[in-house]
>>> print(open('start.cif').read())   # mmCIF, C-alpha atoms
data_input
loop_
_atom_site.group_PDB
_atom_site.id
_atom_site.type_symbol
_atom_site.label_atom_id
_atom_site.label_comp_id
_atom_site.auth_asym_id
_atom_site.auth_seq_id
_atom_site.Cartn_x
_atom_site.Cartn_y
_atom_site.Cartn_z
ATOM 1 C CA MET V 983 -47.555 -69.540 65.070
ATOM 2 C CA THR V 984 -45.288 -72.482 65.804
ATOM 3 C CA VAL V 985 -43.619 -73.592 69.022
ATOM 4 C CA LYS V 986 -40.762 -75.267 67.159
ATOM 5 C CA PRO V 987 -37.616 -73.400 68.272
ATOM 6 C CA THR V 988 -34.776 -72.462 65.954
ATOM 7 C CA MET V 989 -31.160 -72.716 67.082
ATOM 8 C CA LYS V 990 -30.944 -68.934 66.762
ATOM 9 C CA SER V 991 -33.880 -68.440 69.116
ATOM 10 C CA MET V 992 -32.431 -70.971 71.567
ATOM 11 C CA ILE V 993 -29.160 -69.017 71.665
ATOM 12 C CA GLU V 994 -30.758 -65.587 71.874
ATOM 13 C CA THR V 995 -33.156 -66.578 74.686
ATOM 14 C CA ARG V 996 -30.744 -68.987 76.415
ATOM 15 C CA GLY V 997 -33.145 -71.857 76.125
ATOM 16 C CA ASN V 998 -36.387 -69.937 76.645
ATOM 17 C CA PRO V 999 -37.826 -69.372 73.149
ATOM 18 C CA VAL V 1000 -41.387 -68.171 72.654
ATOM 19 C CA PRO V 1001 -43.790 -69.227 69.875
ATOM 20 C CA ARG V 1002 -42.890 -67.515 66.623
ATOM 21 C CA LYS V 1003 -44.829 -66.416 63.592
ATOM 22 C CA ILE V 1004 -44.867 -68.652 60.549
ATOM 23 C CA GLY V 1005 -46.528 -68.282 57.163
ATOM 24 C CA VAL V 1006 -49.838 -70.048 56.639
ATOM 25 C CA GLY V 1007 -48.347 -71.905 53.677
ATOM 26 C CA ASN V 1008 -45.646 -73.361 55.917
ATOM 27 C CA ALA V 1009 -47.977 -74.333 58.747
ATOM 28 C CA SER V 1010 -48.287 -78.019 57.923
ATOM 29 C CA VAL V 1011 -48.282 -80.520 60.775
ATOM 30 C CA PHE V 1012 -46.812 -83.109 58.420
ATOM 31 C CA PRO V 1013 -44.738 -82.296 55.305
ATOM 32 C CA GLY V 1014 -43.223 -85.766 55.040
ATOM 33 C CA PHE V 1015 -45.058 -87.411 52.118
ATOM 34 C CA CYS V 1016 -45.023 -86.361 48.500
ATOM 35 C CA SER V 1017 -48.332 -85.121 47.119
ATOM 36 C CA LYS V 1018 -49.098 -88.369 45.257
ATOM 37 C CA HIS V 1019 -48.615 -90.705 48.211
ATOM 38 C CA ASP V 1020 -50.225 -88.291 50.663
ATOM 39 C CA THR V 1021 -53.351 -88.183 48.512
ATOM 40 C CA THR V 1022 -53.404 -91.937 47.899
ATOM 41 C CA ILE V 1023 -52.840 -93.100 51.470
ATOM 42 C CA PHE V 1024 -54.747 -90.430 53.350
ATOM 43 C CA LYS V 1025 -57.627 -89.682 50.982
ATOM 44 C CA ALA V 1026 -60.177 -90.899 53.552
ATOM 45 C CA ILE V 1027 -59.132 -88.236 56.078
ATOM 46 C CA GLU V 1028 -58.413 -85.346 53.720
ATOM 47 C CA GLY V 1029 -61.943 -84.359 52.731
ATOM 48 C CA LYS V 1030 -64.211 -81.677 54.136
ATOM 49 C CA THR V 1031 -65.684 -84.186 56.576
ATOM 50 C CA VAL V 1032 -64.473 -87.396 58.183
ATOM 51 C CA ALA V 1033 -66.201 -90.275 59.953
ATOM 52 C CA ILE V 1034 -64.056 -91.685 62.758
ATOM 53 C CA ASP V 1035 -63.773 -95.464 62.740
ATOM 54 C CA SER V 1036 -60.920 -97.949 62.986
ATOM 55 C CA SER V 1037 -59.789 -97.231 59.412
ATOM 56 C CA THR V 1038 -59.710 -93.434 59.598
ATOM 57 C CA ALA V 1039 -58.340 -93.407 63.152
ATOM 58 C CA PHE V 1040 -55.566 -95.722 61.986
ATOM 59 C CA LEU V 1041 -54.654 -93.316 59.174
ATOM 60 C CA PHE V 1042 -54.402 -90.414 61.618
ATOM 61 C CA ALA V 1043 -52.160 -92.547 63.840
ATOM 62 C CA TYR V 1044 -50.033 -93.750 60.932
ATOM 63 C CA ARG V 1045 -49.419 -90.211 59.727
ATOM 64 C CA ALA V 1046 -48.396 -89.152 63.240
ATOM 65 C CA ILE V 1047 -45.910 -92.028 63.479
ATOM 66 C CA ALA V 1048 -44.570 -91.231 60.007
ATOM 67 C CA TYR V 1049 -44.150 -87.593 60.993
ATOM 68 C CA GLU V 1050 -42.105 -88.511 64.065
ATOM 69 C CA ARG V 1051 -39.831 -90.696 61.912
ATOM 70 C CA PHE V 1052 -39.459 -87.920 59.334
ATOM 71 C CA ALA V 1053 -38.703 -85.329 62.040
ATOM 72 C CA LYS V 1054 -36.061 -87.494 63.739
ATOM 73 C CA GLU V 1055 -34.309 -88.113 60.416
ATOM 74 C CA ALA V 1056 -34.287 -84.375 59.667
ATOM 75 C CA GLN V 1057 -32.890 -83.595 63.112
ATOM 76 C CA LEU V 1058 -30.088 -86.120 62.699
ATOM 77 C CA ARG V 1059 -29.160 -84.687 59.296
ATOM 78 C CA SER V 1060 -28.973 -81.157 60.666
ATOM 79 C CA ALA V 1061 -26.966 -82.041 63.800
ATOM 80 C CA PRO V 1062 -23.483 -81.589 62.209
ATOM 81 C CA ILE V 1063 -24.462 -78.163 60.865
ATOM 82 C CA GLN V 1064 -25.871 -77.039 64.206
ATOM 83 C CA ALA V 1065 -22.701 -78.214 65.960
ATOM 84 C CA GLU V 1066 -20.765 -75.574 64.009
ATOM 85 C CA MET V 1067 -23.028 -72.711 65.040
ATOM 86 C CA ASP V 1068 -20.981 -71.900 68.135
ATOM 87 C CA LYS V 1069 -18.027 -70.631 66.124
ATOM 88 C CA GLY V 1070 -17.016 -67.119 67.155
ATOM 89 C CA LYS V 1071 -19.337 -67.119 70.153
ATOM 90 C CA PRO V 1072 -18.197 -66.395 73.736
ATOM 91 C CA PHE V 1073 -17.065 -69.473 75.662
ATOM 92 C CA ARG V 1074 -20.173 -69.582 77.889
ATOM 93 C CA THR V 1075 -22.416 -69.482 74.818
ATOM 94 C CA GLN V 1076 -20.375 -72.230 73.130
ATOM 95 C CA ALA V 1077 -20.667 -74.384 76.228
ATOM 96 C CA TYR V 1078 -24.432 -73.880 76.344
ATOM 97 C CA ILE V 1079 -24.856 -74.729 72.641
ATOM 98 C CA GLN V 1080 -22.807 -77.929 72.872
ATOM 99 C CA LEU V 1081 -24.539 -79.008 76.086
ATOM 100 C CA TYR V 1082 -27.932 -78.463 74.492
ATOM 101 C CA LEU V 1083 -26.966 -80.285 71.292
ATOM 102 C CA ASN V 1084 -25.430 -83.265 73.106
ATOM 103 C CA SER V 1085 -28.515 -83.683 75.249
ATOM 104 C CA ALA V 1086 -30.816 -83.279 72.255
ATOM 105 C CA LEU V 1087 -28.842 -85.722 70.115
ATOM 106 C CA THR V 1088 -29.024 -88.410 72.792
ATOM 107 C CA GLY V 1089 -32.783 -88.042 72.903
ATOM 108 C CA ILE V 1090 -33.112 -87.999 69.110
ATOM 109 C CA ASN V 1091 -31.123 -91.226 68.681
ATOM 110 C CA THR V 1092 -33.160 -92.978 71.360
ATOM 111 C CA GLY V 1093 -36.362 -91.654 69.854
ATOM 112 C CA MET V 1094 -35.314 -92.835 66.394
ATOM 113 C CA GLU V 1095 -34.972 -96.393 67.657
ATOM 114 C CA ASP V 1096 -38.406 -96.252 69.272
ATOM 115 C CA VAL V 1097 -40.269 -94.652 66.394
ATOM 116 C CA SER V 1098 -38.681 -97.017 63.841
ATOM 117 C CA ARG V 1099 -40.016 -99.941 65.847
ATOM 118 C CA TRP V 1100 -43.449 -98.342 66.112
ATOM 119 C CA LYS V 1101 -43.583 -97.554 62.413
ATOM 120 C CA ALA V 1102 -42.753 -101.158 61.497
ATOM 121 C CA GLY V 1103 -45.914 -102.253 63.294
ATOM 122 C CA TYR V 1104 -48.008 -99.647 61.513
ATOM 123 C CA ASP V 1105 -46.439 -100.410 58.120
ATOM 124 C CA GLU V 1106 -47.363 -104.068 58.520
ATOM 125 C CA ARG V 1107 -50.981 -103.214 59.303
ATOM 126 C CA LEU V 1108 -51.211 -100.632 56.521
ATOM 127 C CA LEU V 1109 -50.068 -103.130 53.892
ATOM 128 C CA SER V 1110 -52.089 -106.071 55.196
ATOM 129 C CA GLY V 1111 -55.251 -104.166 56.030
ATOM 130 C CA SER V 1112 -55.281 -105.697 59.498
ATOM 131 C CA ARG V 1113 -56.083 -103.500 62.486
ATOM 132 C CA ASP V 1114 -55.192 -106.153 65.020
ATOM 133 C CA GLY V 1115 -54.274 -104.586 68.346
ATOM 134 C CA PHE V 1116 -54.979 -101.039 67.175
ATOM 135 C CA ARG V 1117 -57.056 -98.920 69.565
ATOM 136 C CA TYR V 1118 -58.412 -95.409 69.257
ATOM 137 C CA PHE V 1119 -60.310 -92.755 71.150
ATOM 138 C CA ALA V 1120 -61.622 -89.571 69.524
ATOM 139 C CA VAL V 1121 -63.318 -86.425 70.783
ATOM 140 C CA ARG V 1122 -65.273 -83.856 68.779
ATOM 141 C CA PHE V 1123 -65.538 -80.280 70.064
ATOM 142 C CA ASP V 1124 -68.291 -77.774 69.349
ATOM 143 C CA SER V 1125 -65.931 -75.193 67.854
ATOM 144 C CA VAL V 1126 -62.467 -74.851 66.351
ATOM 145 C CA LEU V 1127 -59.700 -74.970 68.940
ATOM 146 C CA PRO V 1128 -56.807 -72.488 68.621
ATOM 147 C CA VAL V 1129 -54.336 -75.330 67.974
ATOM 148 C CA VAL V 1130 -53.669 -78.080 65.435
ATOM 149 C CA ALA V 1131 -51.116 -80.815 65.965
ATOM 150 C CA CYS V 1132 -49.840 -84.229 64.915
ATOM 151 C CA CYS V 1133 -47.527 -86.230 67.168
ATOM 152 C CA ALA V 1134 -46.611 -89.530 68.809
ATOM 153 C CA PHE V 1135 -45.080 -89.938 72.259
ATOM 154 C CA HIS V 1136 -44.601 -92.152 75.310
ATOM 155 C CA PRO V 1137 -47.496 -91.612 77.729
ATOM 156 C CA GLU V 1138 -45.795 -91.020 81.075
ATOM 157 C CA ILE V 1139 -48.455 -89.377 83.228
ATOM 158 C CA ASP V 1140 -52.233 -89.064 83.102
ATOM 159 C CA PHE V 1141 -54.656 -86.216 83.777
ATOM 160 C CA HIS V 1142 -55.145 -87.179 87.414
ATOM 161 C CA GLY V 1143 -51.514 -87.048 88.535
ATOM 162 C CA ASN V 1144 -50.721 -90.753 88.101
ATOM 163 C CA GLN V 1145 -47.455 -92.154 86.737
ATOM 164 C CA LEU V 1146 -48.109 -94.438 83.751
ATOM 165 C CA GLN V 1147 -44.567 -95.565 82.872
ATOM 166 C CA ARG V 1148 -41.031 -94.510 83.800
ATOM 167 C CA LEU V 1149 -38.791 -93.957 80.812
ATOM 168 C CA ALA V 1150 -35.494 -93.938 82.705
ATOM 169 C CA ARG V 1151 -35.359 -97.742 82.782
ATOM 170 C CA ARG V 1152 -33.149 -99.211 80.046
ATOM 171 C CA GLY V 1153 -33.791 -102.394 78.121
ATOM 172 C CA SER V 1154 -37.575 -101.991 78.079
ATOM 173 C CA ASP V 1155 -40.066 -101.395 75.281
ATOM 174 C CA PHE V 1156 -42.307 -98.515 76.226
ATOM 175 C CA GLU V 1157 -45.811 -97.948 74.962
ATOM 176 C CA HIS V 1158 -46.596 -95.119 72.596
ATOM 177 C CA ILE V 1159 -49.704 -93.148 71.733
ATOM 178 C CA THR V 1160 -50.425 -90.897 68.768
ATOM 179 C CA LEU V 1161 -52.480 -87.728 68.803
ATOM 180 C CA THR V 1162 -53.879 -85.678 65.946
ATOM 181 C CA VAL V 1163 -55.812 -82.459 66.482
ATOM 182 C CA THR V 1164 -57.405 -81.004 63.359
ATOM 183 C CA ALA V 1165 -60.522 -79.173 62.182
ATOM 184 C CA PHE V 1166 -63.438 -80.203 59.980
ATOM 185 C CA GLU V 1167 -66.449 -78.013 59.143
ATOM 186 C CA GLY V 1168 -66.052 -75.543 61.982
ATOM 187 C CA GLU V 1169 -65.278 -78.139 64.637
ATOM 188 C CA THR V 1170 -62.089 -79.642 66.028
ATOM 189 C CA ILE V 1171 -61.559 -83.360 66.469
ATOM 190 C CA ALA V 1172 -58.809 -84.951 68.533
ATOM 191 C CA VAL V 1173 -57.884 -88.549 67.708
ATOM 192 C CA PHE V 1174 -55.750 -90.716 69.981
ATOM 193 C CA GLY V 1175 -54.422 -93.976 68.514
ATOM 194 C CA TRP V 1176 -52.106 -96.746 69.682
ATOM 195 C CA ILE V 1177 -51.125 -100.371 69.256
ATOM 196 C CA GLY V 1178 -51.227 -102.035 72.627
ATOM 197 C CA PRO V 1179 -53.285 -103.728 75.333
ATOM 198 C CA THR V 1180 -56.542 -102.487 76.827
ATOM 199 C CA ASP V 1181 -54.952 -101.797 80.207
ATOM 200 C CA GLY V 1182 -51.561 -100.348 79.255
ATOM 201 C CA PRO V 1183 -50.288 -96.766 79.663
ATOM 202 C CA ALA V 1184 -51.818 -95.568 76.379
ATOM 203 C CA ALA V 1185 -55.272 -96.894 77.230
ATOM 204 C CA LEU V 1186 -54.996 -95.470 80.739
ATOM 205 C CA LEU V 1187 -54.108 -92.030 79.370
ATOM 206 C CA ALA V 1188 -57.150 -92.116 77.071
ATOM 207 C CA ARG V 1189 -59.322 -93.328 79.940
ATOM 208 C CA SER V 1190 -58.185 -90.498 82.213
ATOM 209 C CA PHE V 1191 -58.923 -87.995 79.449
ATOM 210 C CA SER V 1192 -62.397 -89.444 78.956
ATOM 211 C CA GLY V 1193 -63.034 -88.981 82.666
ATOM 212 C CA LEU V 1194 -62.710 -85.199 82.411
ATOM 213 C CA SER V 1195 -65.896 -83.133 82.184
ATOM 214 C CA THR V 1196 -67.054 -81.703 78.863
ATOM 215 C CA ASP V 1197 -65.783 -78.215 79.690
ATOM 216 C CA ARG V 1198 -62.312 -79.371 80.807
ATOM 217 C CA LYS V 1199 -61.297 -81.628 77.934
ATOM 218 C CA ALA V 1200 -60.164 -78.828 75.580
ATOM 219 C CA ASP V 1201 -57.998 -77.176 78.233
ATOM 220 C CA ALA V 1202 -56.452 -80.525 79.165
ATOM 221 C CA LEU V 1203 -55.791 -81.337 75.509
ATOM 222 C CA ILE V 1204 -53.911 -78.085 74.934
ATOM 223 C CA LYS V 1205 -51.731 -78.711 78.002
ATOM 224 C CA LEU V 1206 -50.985 -82.224 76.763
ATOM 225 C CA LEU V 1207 -49.876 -80.925 73.364
ATOM 226 C CA PHE V 1208 -47.453 -78.401 74.839
ATOM 227 C CA LEU V 1209 -46.120 -81.064 77.183
ATOM 228 C CA GLN V 1210 -45.515 -83.743 74.567
ATOM 229 C CA SER V 1211 -44.871 -82.153 71.174
ATOM 230 C CA ASP V 1212 -43.393 -79.202 69.336
ATOM 231 C CA ASN V 1213 -45.387 -80.030 66.201
ATOM 232 C CA ILE V 1214 -48.111 -77.608 67.209
ATOM 233 C CA PHE V 1215 -49.452 -74.618 65.342
ATOM 234 C CA LEU V 1216 -51.306 -71.883 67.208
ATOM 235 C CA ARG V 1217 -53.765 -69.151 66.362
ATOM 236 C CA GLN V 1218 -51.810 -65.971 67.064
ATOM 237 C CA SER V 1219 -54.800 -64.050 68.422
ATOM 238 C CA TRP V 1220 -55.339 -66.796 71.000
ATOM 239 C CA TRP V 1221 -51.708 -66.776 72.123
ATOM 240 C CA ASP V 1222 -51.580 -62.993 72.294
ATOM 241 C CA GLY V 1223 -54.765 -63.019 74.377
ATOM 242 C CA LEU V 1224 -53.329 -65.311 77.060
ATOM 243 C CA THR V 1225 -52.133 -63.845 80.309
ATOM 244 C CA GLU V 1226 -48.392 -63.659 80.814
ATOM 245 C CA GLN V 1227 -48.762 -66.303 83.518
ATOM 246 C CA ASN V 1228 -50.435 -68.754 81.141
ATOM 247 C CA GLN V 1229 -47.891 -68.085 78.399
ATOM 248 C CA LYS V 1230 -45.130 -68.927 80.874
ATOM 249 C CA LEU V 1231 -47.041 -72.054 81.906
ATOM 250 C CA PHE V 1232 -47.071 -73.312 78.314
ATOM 251 C CA GLN V 1233 -43.429 -72.392 77.774
ATOM 252 C CA GLY V 1234 -42.558 -74.405 80.872
ATOM 253 C CA LEU V 1235 -44.598 -77.395 79.709
ATOM 254 C CA SER V 1236 -42.848 -77.313 76.329
ATOM 255 C CA LYS V 1237 -39.488 -77.767 78.101
ATOM 256 C CA SER V 1238 -40.748 -80.494 80.440
ATOM 257 C CA GLY V 1239 -38.712 -83.683 80.300
ATOM 258 C CA THR V 1240 -35.609 -81.909 78.982
ATOM 259 C CA ALA V 1241 -32.389 -80.835 80.637
ATOM 260 C CA GLU V 1242 -34.075 -77.474 81.199
ATOM 261 C CA ARG V 1243 -36.993 -78.788 83.273
ATOM 262 C CA ALA V 1244 -37.796 -82.128 84.900
ATOM 263 C CA ARG V 1245 -41.217 -83.578 84.146
ATOM 264 C CA LYS V 1246 -43.657 -83.525 87.054
ATOM 265 C CA VAL V 1247 -46.349 -86.111 87.668
ATOM 266 C CA SER V 1248 -48.753 -83.215 88.245
ATOM 267 C CA ASP V 1249 -48.051 -81.470 84.911
ATOM 268 C CA LEU V 1250 -51.401 -82.532 83.429
ATOM 269 C CA ALA V 1251 -53.485 -82.365 86.604
ATOM 270 C CA ASP V 1252 -56.463 -80.020 86.287
ATOM 271 C CA ASP V 1253 -55.994 -76.797 88.257
ATOM 272 C CA GLY V 1254 -59.139 -75.178 86.872
ATOM 273 C CA THR V 1255 -57.359 -72.737 84.551
ATOM 274 C CA THR V 1256 -59.360 -71.982 81.390
ATOM 275 C CA PHE V 1257 -57.656 -71.413 78.028
ATOM 276 C CA THR V 1258 -60.651 -71.899 75.721
ATOM 277 C CA THR V 1259 -64.430 -72.135 75.987
ATOM 278 C CA ALA V 1260 -64.820 -75.119 73.623
ATOM 279 C CA LEU V 1261 -66.917 -78.033 74.842
ATOM 280 C CA ALA V 1262 -66.510 -81.724 74.028
ATOM 281 C CA VAL V 1263 -69.763 -82.842 72.409
ATOM 282 C CA ASP V 1264 -69.074 -86.355 71.172
ATOM 283 C CA VAL V 1265 -66.704 -89.268 71.808
ATOM 284 C CA ILE V 1266 -65.920 -92.288 69.644
ATOM 285 C CA SER V 1267 -63.668 -95.205 70.604
ATOM 286 C CA SER V 1268 -62.718 -98.682 69.474
ATOM 287 C CA GLU V 1269 -65.010 -101.432 70.730
ATOM 288 C CA GLN V 1270 -62.118 -103.473 72.050
ATOM 289 C CA THR V 1271 -61.075 -100.780 74.530
ATOM 290 C CA ASP V 1272 -63.735 -98.188 75.208
ATOM 291 C CA PRO V 1273 -62.309 -95.673 77.691
ATOM 292 C CA VAL V 1274 -65.715 -94.051 78.014
ATOM 293 C CA ALA V 1275 -67.472 -97.243 79.007
ATOM 294 C CA SER V 1276 -64.622 -98.175 81.344
ATOM 295 C CA SER V 1277 -64.648 -94.969 83.358
ATOM 296 C CA PRO V 1278 -67.414 -94.093 85.820
ATOM 297 C CA LYS V 1279 -66.432 -90.428 85.435
ATOM 298 C CA ALA V 1280 -66.734 -90.502 81.672
ATOM 299 C CA SER V 1281 -68.536 -87.660 80.032
ATOM 300 C CA ALA V 1282 -68.748 -86.546 76.445
#
>>> encode(input="start.cif", output="structure tokens")
Amino acid sequence: MTVKPTMKSMIETRGNPVPRKIGVGNASVFPGFCSKHDTTIFKAIEGKTVAIDSSTAFLFAYRAIAYERFAKEAQLRSAPIQAEMDKGKPFRTQAYIQLYLNSALTGINTGMEDVSRWKAGYDERLLSGSRDGFRYFAVRFDSVLPVVACCAFHPEIDFHGNQLQRLARRGSDFEHITLTVTAFEGETIAVFGWIGPTDGPAALLARSFSGLSTDRKADALIKLLFLQSDNIFLRQSWWDGLTEQNQKLFQGLSKSGTAERARKVSDLADDGTTFTTALAVDVISSEQTDPVASSPKASA
């Protein structure tokens, strides 16, 4: 299943779409590279197993940044077509469609500027082989989580209810962080990556995640994905097994930060709700900024 809404579903549900079924063959978290370049660039992270280090973590981060650039370009190309979808609709529906599109287009254009700047930094490091300033933090779970994802975003809040950066301010460069959640040999790994200082918003987000107990990391990770990205694919049996209350929680998180729902500083705070029984069993991070070593609460 995917949480990516279609314009049709947005219209039919008046902005409250639910995850929809998608074919396994179409469930790719990143379709942006051709087969040749995907194999050449990402060979080190496309096998049956992967060892997380600065090189492989960088590749996960680079692919997430490239995906965001690809997605923004696709959204901009489709905007004129979507703008015509209100033809023949009642006035109230037309007004809703245009309001939604105008709001979305503003965000897409702003996001395009940000992600283009981020990608330039990653392109430079990919070509030169340098990993200067690149940080990472990875977690391995003892089983396969019911989600896979690939995304990049501005870290705004952490897992303890703290504000990390306020995006409303103009004229500022905001920090980013990438996140890839994928499975290898019956286990899920989650890899955070960023280019930035050891005490910036991205590092603080990773540090707050590392401070969660082993049995809370998976639940927190799933909430973070719904909050920050629509490039998520779900196991249908897991979604169908959630309570109606938890399904509504995730639907609300997916709209957080939009015109539909303001983002709350408490959105990621742990309320004890359990969505999966997976345990975090191992953590790996860059030596330059080790969130585990920096946090007295840290636990694998």
>>> closest_residue(input="start.cif", among="V:Cys1132, V:Ser1060, V:Asp1249, V:Asp1140", to="Gly1193 in chain V", atoms="only C-alpha atoms")
V:Asp1140
>>> atom_distance(input="start.cif", atom1="CA of Phe1141 in chain V", atom2="CA of Leu1186 in chain V")
9.7 Å
>>> resolve_selection(input="start.cif", expression="the PyMOL selection byres ((chain V and resi 1231-1240) around 8)", output="PyMOL selection string")
chain V and resi 998-1000+1205+1208-1212+1227-1230+1241-1246+1249
>>> residues_around(input="start.cif", residues="range 1164-1173 of chain V", least_positions_apart="5", cutoff="7 Å", atoms="all atoms listed in the file", output="list in words")
Lys1030, Thr1031, Ala1039, Phe1119, Ala1120, Val1121, Arg1122, Phe1123, Asp1124, Ser1125, Val1126, Leu1127, Val1130 and Ala1131 of chain V
>>> closest_residue(input="start.cif", among="V:Ala1046, V:Leu1206, V:Leu1216, V:Ile1023", to="Leu1109 in chain V", atoms="only C-alpha atoms")
V:Ile1023
>>> atom_distance(input="start.cif", atom1="CA of Thr984 in chain V", atom2="CA of Ile1004 in chain V")
6.5 Å
